[in-house]
Structure formats: structure tokens, C-alpha cells
Amino acid sequence: MPLSTETTDRLRRTPLGLLIVFLTLFLLGVALDEPLRVLEQARSICLECIGIG
Amino acid sequence: METLRKWIQVLWFFLTNGFWGFPVSGTLYQGPLKVLCSPGLNCYSCPAATTFCPIGSLQQLLMGVRLSLQAGQIYVGTYVLGCMGLLGALFGRFICGWACPFGLLQEWLHRIPSPKYGVPRVLRWGKYLVLLLMVVVLPLVVVDSFGMGKPWFCKFLCPAGTLEAGVPMLLLSPDLRPAAGLLYLHKLIVLVAVLLWSVVSSRPFCRTLCPLGAFYGLFNRFSLIQLKFNADTCTKCGACRRVCPVDIRVEQTPNSAECIRCLRCCTEACPTGALTLDIAGFGVRMTPSAPASSDEPMQQGARS
């Protein structure tokens, strides 16, 4: 069934809304220094994660 | 276009696994690039990995969330979720088709001549269960006496981790070999099963178990990159479905959560241009170079 123009417009606006939401989360994470924690984790080998130990 | 896609997949493999000094250094890459998010499923314990795996990182943050909060640090996964969501909102599962190393491996394996089988549709729900339970709920809820959870997906399921990190690390570090026990055997069995399944079915892991694919799939209807279907020019020849590696009824659901945006339906199949790529509202029509014939064997997305 073809979508109405109103629905199509709403769908087109959705990506921008989602981008804003996730950009906010991303910036919040940066403000909370989460990238440093991620970097710390990524620099070490998680033996449990790869089935060893 | 298919050749270009293969080259871009290879390029992404090397971008996310660009540290080839590990046989000399004996350890994994530890530089600053690891603060960047890998778009596809790519284990960051792989010695060559240059970026972090979003699924691995999210689990690590969730399983340690109690300890972080107790220490006054609010590490609840907002940065990782933000990275994943931005990628999803921009590209959807385009990433699966163009930038995932484990997807590329499955595609290569599927080229091995063998009988081809479909994937039962009901199994497609498995990846959402894996995302919800093994990546979010279990690491968050099942904790030890110290309040620490486990990385359930990485530990018990992820075949990419076994292939890219488990096997190479045992080869690189003989000291680790005594620690490889039943869990390692279990992970090897999962890996071999997925690899063998990939020979006979098209991208089975992506379609049934991948939590990252499940996450990006949620965005396929809303992402900036979409497929547009024009019913007026469609002749219902079925060529699009015959080339589809994930067995989608393209004419019914061009933006299905299963679609990995390989674009073969646009560039190889549709003889009338009924399918177009839409990037942020701008239509991109791609003329098929060699339309698939109607009697071509269904080797890609063999019907389930």
C-alpha cells in the first residue's frame, strides 16, 4: 500500500530526529569521559571475551 | 557495482584491522585510534584491530556499570550507544553490506560450490534476542559477588572474536595455551558451525545471530540511505528477489530490517529501474549492467 504524503514527510524527518538524539548521547558520553574508559578497555585483551580463561 | 562493493569491503577490513606489526610486537594495537568505533562486527581483542567493537564495548560498560557508579563515574554506555546510533541513523544496514569484515568472510565462503539452502524465516528473530539478552540484559543483571557481570555475547557466542582474537592470540602467546579449556572448545565449535553454515547459506550469522545487524536493522526504515520502489514501473519479474542475498521480497518491503543494502537488486537485477537508491531525499537511479536472467539458479538467497 503506498504511503501518504504526510507519512512520507514524517519518515523523512525521522532520520534528523534520530541523528540529534544519538548525537546528544555521543556528546554526553564525551562529556562524561567515557571515550577514555572505552580506550582503556580496547587497549587490553579481554581473555574471557575470546574464550580463554 | 558489485566489484566496487567487494573492494570497499576489503578496504574496511584493512582500515579496522590495520596494525600488522603484531607478529613483531607480540601484542595488540594500543594506539589512540582505538577510541573510534568500528562500524562492523570486528573484535577489538584482535591483535590487528585499530578500532573498538561497539558490541564488545557496550557489554563491558554495562557489565561494570554498578562498579563505575559506586566509584562516582557515570560510564553507562552513552558514548558507545551514541556512536552506534549515529552510524545506524546515517547508514542503517548499509554497513553490513559494505563495511563488515565478518560479512565479507561469509560472502566469500558462500562462493564455495556446494548445495545451497535458505534460512528459515523464524530464525531471523534470533538476532533480536541475542541483542536484548546477551548484549544488554544478562551482562547488566547477572552479576557476581563483586557486582561484576559477564560479556555473554563475546564469551559464549561471537565467532568473529574467536576467529580474529581467540585463535591468533593462542598462536602468538604460547603462555596462554594452558588456559584454553572447554569454553575455548565451545567457541571453536560455534565458529566452525557458522563458517560451515556460511558455505551452504547466504550470510547466516548476519541474518540470525548478529546483534549489531539487529541494531542497525531497526534503522533501515528511517536511515538517510533508503531504497525506493516504484510500483508503476515494476513488471513483477522477480529478478530482484532472485539476486537478493538475504531473501527479501523487495517489492513489498524495500526497507526491510533484513536488507543489507548490497544494491544488487538495483544494479544487477531490475531491468526497468523500479528500484532506486535514495540518499537523504535525493534519488540515485542505477541502471543494471547485466540484468539477471529468469532461469538463473537461486544460489544467493535460496528460498526458505
# chains A, B, ... in the order shown; residues from 1 in each chain; ligands from 1
$ residues_around --residues "Gly51 (chain A)" --least-positions-apart "6" --cutoff "8 Å" --atoms "only C-alpha atoms" --output "PyMOL selection string"
chain B and resi 155-156+162+166+180+183-184+187
$ interface_residues --of "chain A" --to "chain B" --cutoff "6 Å" --atoms "only C-alpha atoms" --output "ChimeraX atom specification"
/A:15,19,22,25-26,29,34,39,42-43,45,49-53
$ write_last_selection --atoms "N, CA, C and O atoms" --output "PDB file, in the first residue's frame"
ATOM      1  N   PRO A  15      15.025  10.638  10.358  1.00  0.00           N
ATOM      2  CA  PRO A  15      16.478  10.494  10.485  1.00  0.00           C
ATOM      3  C   PRO A  15      17.123  11.671  11.184  1.00  0.00           C
ATOM      4  O   PRO A  15      18.057  11.483  11.974  1.00  0.00           O
ATOM      5  N   LEU A  19      19.278  11.422  14.468  1.00  0.00           N
ATOM      6  CA  LEU A  19      20.658  11.932  14.486  1.00  0.00           C
ATOM      7  C   LEU A  19      20.869  12.866  15.669  1.00  0.00           C
ATOM      8  O   LEU A  19      21.898  12.792  16.343  1.00  0.00           O
ATOM      9  N   PHE A  22      20.998  10.725  18.964  1.00  0.00           N
ATOM     10  CA  PHE A  22      22.233   9.966  19.161  1.00  0.00           C
ATOM     11  C   PHE A  22      23.462  10.874  19.228  1.00  0.00           C
ATOM     12  O   PHE A  22      24.434  10.532  19.897  1.00  0.00           O
ATOM     13  N   LEU A  25      23.548  11.834  22.786  1.00  0.00           N
ATOM     14  CA  LEU A  25      24.115  10.753  23.602  1.00  0.00           C
ATOM     15  C   LEU A  25      25.636  10.702  23.448  1.00  0.00           C
ATOM     16  O   LEU A  25      26.371  10.542  24.423  1.00  0.00           O
ATOM     17  N   PHE A  26      26.081  10.817  22.214  1.00  0.00           N
ATOM     18  CA  PHE A  26      27.515  10.776  21.910  1.00  0.00           C
ATOM     19  C   PHE A  26      28.245  11.887  22.671  1.00  0.00           C
ATOM     20  O   PHE A  26      29.253  11.639  23.349  1.00  0.00           O
ATOM     21  N   GLY A  29      28.330  11.301  26.361  1.00  0.00           N
ATOM     22  CA  GLY A  29      29.378  10.321  26.662  1.00  0.00           C
ATOM     23  C   GLY A  29      30.754  10.961  26.675  1.00  0.00           C
ATOM     24  O   GLY A  29      31.567  10.696  27.565  1.00  0.00           O
ATOM     25  N   GLU A  34      33.690   9.089  28.855  1.00  0.00           N
ATOM     26  CA  GLU A  34      33.534   7.667  28.532  1.00  0.00           C
ATOM     27  C   GLU A  34      34.525   7.182  27.463  1.00  0.00           C
ATOM     28  O   GLU A  34      34.969   6.036  27.527  1.00  0.00           O
ATOM     29  N   LEU A  39      38.707   3.447  25.565  1.00  0.00           N
ATOM     30  CA  LEU A  39      40.084   3.284  25.088  1.00  0.00           C
ATOM     31  C   LEU A  39      40.868   2.353  26.006  1.00  0.00           C
ATOM     32  O   LEU A  39      41.605   1.474  25.551  1.00  0.00           O
ATOM     33  N   ALA A  42      39.735  -1.111  25.278  1.00  0.00           N
ATOM     34  CA  ALA A  42      40.134  -1.588  23.950  1.00  0.00           C
ATOM     35  C   ALA A  42      41.629  -1.840  23.851  1.00  0.00           C
ATOM     36  O   ALA A  42      42.070  -2.579  22.976  1.00  0.00           O
ATOM     37  N   ARG A  43      42.400  -1.241  24.750  1.00  0.00           N
ATOM     38  CA  ARG A  43      43.849  -1.427  24.699  1.00  0.00           C
ATOM     39  C   ARG A  43      44.292  -2.725  25.380  1.00  0.00           C
ATOM     40  O   ARG A  43      45.439  -3.120  25.266  1.00  0.00           O
ATOM     41  N   ILE A  45      43.603  -6.924  26.339  1.00  0.00           N
ATOM     42  CA  ILE A  45      42.960  -8.115  25.778  1.00  0.00           C
ATOM     43  C   ILE A  45      41.991  -8.669  26.804  1.00  0.00           C
ATOM     44  O   ILE A  45      42.370  -8.930  27.946  1.00  0.00           O
ATOM     45  N   CYS A  49      36.571 -12.741  26.979  1.00  0.00           N
ATOM     46  CA  CYS A  49      35.751 -12.476  25.793  1.00  0.00           C
ATOM     47  C   CYS A  49      36.125 -13.370  24.620  1.00  0.00           C
ATOM     48  O   CYS A  49      35.306 -13.595  23.733  1.00  0.00           O
ATOM     49  N   ILE A  50      37.363 -13.825  24.577  1.00  0.00           N
ATOM     50  CA  ILE A  50      37.779 -14.614  23.421  1.00  0.00           C
ATOM     51  C   ILE A  50      37.885 -16.101  23.764  1.00  0.00           C
ATOM     52  O   ILE A  50      38.489 -16.868  23.033  1.00  0.00           O
ATOM     53  N   GLY A  51      37.273 -16.467  24.874  1.00  0.00           N
ATOM     54  CA  GLY A  51      37.156 -17.891  25.210  1.00  0.00           C
ATOM     55  C   GLY A  51      38.339 -18.473  25.953  1.00  0.00           C
ATOM     56  O   GLY A  51      38.451 -19.683  26.111  1.00  0.00           O
ATOM     57  N   ILE A  52      39.249 -17.619  26.434  1.00  0.00           N
ATOM     58  CA  ILE A  52      40.424 -18.117  27.158  1.00  0.00           C
ATOM     59  C   ILE A  52      40.288 -17.697  28.627  1.00  0.00           C
ATOM     60  O   ILE A  52      40.052 -16.550  28.921  1.00  0.00           O
ATOM     61  N   GLY A  53      40.456 -18.642  29.491  1.00  0.00           N
ATOM     62  CA  GLY A  53      40.375 -18.301  30.911  1.00  0.00           C
ATOM     63  C   GLY A  53      38.989 -18.443  31.490  1.00  0.00           C
ATOM     64  O   GLY A  53      38.034 -18.690  30.804  1.00  0.00           O
TER      65      GLY A  53
END
$ select_by_dssp --residues "region 47-266 of chain B" --states "alpha helix (DSSP H)" --output "ChimeraX atom specification"
/B:54-63,65-70,78-91,94-98,101-110,126-129,138-141,152-156,159-161,167-172,182-200,204-208,211-217,239-243,264
